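Colleague: Pasting a structure here, questions to come.
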2 protein chains.
Amino acid sequence: MKWYENAAEHADVVLSTRVRLARNLKDYPFPARLNEKGKDEVNAIVKEALLCGERAQEFDYVPMRSLSHTQCVSLAEKHLISPEFASDSAGRALILSKDEDVSIMLCEEDHVRVQVIYPGLSLEAAYEKANAIDEALSQKVSIAFDERLGYLTQCPTNLGTGLRASVMLHLPALARSGAMPRLANTVAKLGLILRGAYGEGSKPVGDLYQLSNQVTLGISETAAIRNLASIANQIITQEKSAREALLKDDVFIDRIWRAFGILNSAHMLSCNEFMDLVSLVRIGAAEGVLNIPLQTLTRLMVEMQPATLNTAQGRSCTAAERDVLRAKAVKEALR
Amino acid sequence: MKWYENAAEHADVVLSTRVRLARNLKDYPFPARLNEKGKDEVNAIVKEALLCGERAQEFDYVPMRSLSHTQCVSLAEKHLISPEFASDSAGRALILSKDEDVSIMLCEEDHVRVQVIYPGLSLEAAYEKANAIDEALSQKVSIAFDERLGYLTQCPTNLGTGLRASVMLHLPALARSGAMPRLANTVAKLGLILRGAYGEGSKPVGDLYQLSNQVTLGISETAAIRNLASIANQIITQEKSAREALLKDDVFIDRIWRAFGILNSAHMLSCNEFMDLVSLVRIGAAEGVLNIPLQTLTRLMVEMQPATLNTAQGRSCTAAERDVLRAKAVKEALR
């Protein structure tokens, strides 16, 4: 079972929580200053350190050069690796748990980037899991750490905790109420960033927003996590009350039902149209208008992305073929 | 069971066939020159002549003044009476069969207007039925008839046979191919009229067209019927071959499915939107894309009209209320 197939806390508004720790080996230069051989060496050390005991069963070690371009893009679509990491495979490797909740990029910007992704709002649990992996690593290798600066990272914005935590929020009601620009401003003053999770411009695809921390220096990991959780909870409360108002509008209820009708019947669905429709269906499912498990929708939002569809097919399909495959898969999932 | 609930020939393209005979009593002036008392007298004579024997059970006699405005409009929506007939009730009456396939307007433009409406293409059968009623009438009362001119009617365009026959055609494929203006021209040269059945302008609501005869003088009833049937069959063939081409297009198949999805899910449906969507669903049902009996769709196209919905509710609803009622009824019918 993948992480997105599980029920979760605050799943009505929060799709997923991600925590990432950036770490570097003390005895090696940053990847930018390593050649391929040096990177392979770093990767071998980390692999050796982490893939022992129980973890040897739980994780796969995947040299990036063993993957096709489509498989790489699919991993990026699932947020298991960064798009940058997908763009070049030389000297890079991925340690991935079977249920895809832990992914460890080796020799991206830093030597080690541990990422944990959990469904719903579960910042503490995700941080604990990432922390456990960090501790296991620290027991086997020397990590670059400075008493005054904290963990050393290539980019100074990660110095200190090396922690980046984020939650993926589904905010259709706040987005419709026009509250997003003001909210993004408020949140920025509190050291967080709130922005569209997919797509550029004023209306993010699928009404999905990512809330993440920015400050890594002069703050403890637990304080950063607590701060993010607290703001996330406030946004959730605002979204819920905006939904309450929205759901009193028959025209909006009608839009939810129509979106469901189209997803349930269309013969072809582009990715953008799918995301817009599933956003309406998700609010309907979250608020009791439609009887659909939220995990089903989260799973579709992950699996209906272009490269992930291609990967599932085992080949590179045309956009038109994908639109037909997507419509078919969505119909089956909603049946 | 109403006429539109029966399966019928060529129902994939033809919704209904109507035949109308205009007759006048020899011994009375045309209705335009009769006062209310005179009209009541005419109505009583016709009622006496027609509603005897078996027909007394089969038909209802309905003085128009006994109906509400909404009921009158509903009868017009169902094409059981003319809109003109619905507009004034004084001295007017309707003889209506229980299954609504025969409606006889008394003291509309002429004393007697016998109309038969059958599902699908069944011009001969409809004419025979109308003719039988005409013969029954002629046996009891003297009909205004001239050896040279034929049946006398108030409007000279009806002189002769007094026969108006029409078929209601569903032509979504020809309409989409842009063939309609040319087809209407061709048909006009053959003495027929082809025009949108509902709505004005270039795109008739629901892709419904009415093909009717114009010539009543110097032609026998059977020749007029045969001529109309022959042109109707040619249009049916053209529509079927245009559909064949259209159904090869995945985008069109997608539109059919989406229309079905919306009809099957929407919380509110305006009459115009319903007619446009049901047009797509009907071609899908006719051509085997969707598994829905054509009668179900024909019935909905009749019963979802505004005044007919009001009449079914037994009260005058607002447009918004009707849109919700319509969506609910459509969903139930398609389930």
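We label chains A, B, ... in the order they appear in the structure tokens, count residues from 1 in each chain, and number ligands from 1 in the order shown.
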Return the neighbours of chain B among the residues of chain A, cut-off 6 Å, counting only C-alpha atoms, as JSON, numbers by chain.
Modeller: {"A": [254, 257, 258, 261, 262, 265, 266, 267]}
Colleague: Compile the contact shell of Ile143 (chain B) as a list in words: residues with an atom at most 10 Å away, counting only C-alpha atoms, same-chain residues fewer than 5 positions apart removed.
Modeller: Arg23, Asn24, Leu25, Lys26, Asp27, Tyr28, Asp134, Leu137, Ser138, Tyr151 and Leu152 of chain B
Colleague: Take the residues that were just selected and, keeping N, CA and C atoms, output them as a PDB file, in the first residue's frame.
Modeller:
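Done, and the output landed in selection28.pdb:
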```
ATOM      1  N   ARG B  23     -61.574  20.769 -40.491  1.00  0.00           N
ATOM      2  CA  ARG B  23     -62.937  20.574 -41.006  1.00  0.00           C
ATOM      3  C   ARG B  23     -63.862  21.655 -40.445  1.00  0.00           C
ATOM      4  N   ASN B  24     -64.903  21.965 -41.226  1.00  0.00           N
ATOM      5  CA  ASN B  24     -65.889  22.929 -40.746  1.00  0.00           C
ATOM      6  C   ASN B  24     -67.297  22.415 -41.009  1.00  0.00           C
ATOM      7  N   LEU B  25     -68.209  22.784 -40.103  1.00  0.00           N
ATOM      8  CA  LEU B  25     -69.603  22.383 -40.302  1.00  0.00           C
ATOM      9  C   LEU B  25     -70.203  23.270 -41.392  1.00  0.00           C
ATOM     10  N   LYS B  26     -70.968  22.618 -42.275  1.00  0.00           N
ATOM     11  CA  LYS B  26     -71.535  23.325 -43.428  1.00  0.00           C
ATOM     12  C   LYS B  26     -72.499  24.437 -43.004  1.00  0.00           C
ATOM     13  N   ASP B  27     -73.228  24.192 -41.908  1.00  0.00           N
ATOM     14  CA  ASP B  27     -74.337  25.084 -41.572  1.00  0.00           C
ATOM     15  C   ASP B  27     -73.965  26.209 -40.618  1.00  0.00           C
ATOM     16  N   TYR B  28     -72.698  26.370 -40.321  1.00  0.00           N
ATOM     17  CA  TYR B  28     -72.282  27.436 -39.392  1.00  0.00           C
ATOM     18  C   TYR B  28     -71.173  28.280 -40.016  1.00  0.00           C
ATOM     19  N   ASP B 134     -62.567  11.566 -38.910  1.00  0.00           N
ATOM     20  CA  ASP B 134     -63.223  12.429 -39.888  1.00  0.00           C
ATOM     21  C   ASP B 134     -64.462  11.732 -40.454  1.00  0.00           C
ATOM     22  N   LEU B 137     -67.256  11.652 -38.010  1.00  0.00           N
ATOM     23  CA  LEU B 137     -67.869  12.978 -37.924  1.00  0.00           C
ATOM     24  C   LEU B 137     -68.798  13.216 -39.116  1.00  0.00           C
ATOM     25  N   SER B 138     -68.317  12.885 -40.308  1.00  0.00           N
ATOM     26  CA  SER B 138     -69.083  13.129 -41.538  1.00  0.00           C
ATOM     27  C   SER B 138     -70.404  12.369 -41.552  1.00  0.00           C
ATOM     28  N   TYR B 151     -62.302  20.468 -49.186  1.00  0.00           N
ATOM     29  CA  TYR B 151     -62.770  20.923 -47.874  1.00  0.00           C
ATOM     30  C   TYR B 151     -62.558  22.411 -47.754  1.00  0.00           C
ATOM     31  N   LEU B 152     -63.584  23.104 -47.234  1.00  0.00           N
ATOM     32  CA  LEU B 152     -63.477  24.551 -47.076  1.00  0.00           C
ATOM     33  C   LEU B 152     -62.920  24.864 -45.690  1.00  0.00           C
TER      34      LEU B 152
END
```
Colleague: Could you pull the residues within 9 Å of region 79-93 of chain A, counting only C-alpha atoms, minus those fewer than 6 positions along the same chain, as number ranges by chain?
Modeller: A: 35-41, 43, 61-67, 69, 72-73, 100-109, 115-117
Colleague: Go ahead and save the residues from that selection, with C-alpha atoms, as an mmCIF file, in the first residue's frame.
Modeller:
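Written out: selection35.cif:
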```cif
data_model
loop_
_atom_site.group_PDB
_atom_site.id
_atom_site.type_symbol
_atom_site.label_atom_id
_atom_site.label_comp_id
_atom_site.auth_asym_id
_atom_site.auth_seq_id
_atom_site.Cartn_x
_atom_site.Cartn_y
_atom_site.Cartn_z
ATOM 1 C CA ASN A 35 33.084 14.263 -9.884
ATOM 2 C CA GLU A 36 30.963 11.219 -10.735
ATOM 3 C CA LYS A 37 33.416 8.848 -9.057
ATOM 4 C CA GLY A 38 33.353 10.911 -5.870
ATOM 5 C CA LYS A 39 29.567 10.945 -5.897
ATOM 6 C CA ASP A 40 29.394 7.186 -6.392
ATOM 7 C CA GLU A 41 31.676 6.859 -3.372
ATOM 8 C CA ASN A 43 26.362 7.078 -2.378
ATOM 9 C CA TYR A 61 18.423 1.384 -3.732
ATOM 10 C CA VAL A 62 17.930 2.831 -7.201
ATOM 11 C CA PRO A 63 20.832 4.295 -9.208
ATOM 12 C CA MET A 64 19.185 7.085 -11.212
ATOM 13 C CA ARG A 65 20.919 5.972 -14.386
ATOM 14 C CA SER A 66 18.904 2.729 -14.195
ATOM 15 C CA LEU A 67 15.660 4.636 -14.736
ATOM 16 C CA HIS A 69 13.273 9.529 -18.390
ATOM 17 C CA CYS A 72 12.240 9.887 -13.383
ATOM 18 C CA VAL A 73 9.499 12.388 -14.243
ATOM 19 C CA GLU A 100 6.945 5.395 -1.091
ATOM 20 C CA ASP A 101 6.630 7.330 2.160
ATOM 21 C CA VAL A 102 10.407 7.704 2.536
ATOM 22 C CA SER A 103 12.635 8.805 -0.313
ATOM 23 C CA ILE A 104 16.290 9.663 0.114
ATOM 24 C CA MET A 105 17.991 11.518 -2.700
ATOM 25 C CA LEU A 106 21.724 10.949 -2.826
ATOM 26 C CA CYS A 107 23.932 13.642 -4.328
ATOM 27 C CA GLU A 108 21.257 16.107 -5.247
ATOM 28 C CA GLU A 109 22.295 19.571 -4.019
ATOM 29 C CA GLN A 115 12.213 13.054 2.716
ATOM 30 C CA VAL A 116 9.163 11.629 4.438
ATOM 31 C CA ILE A 117 5.711 12.062 2.920
#
```
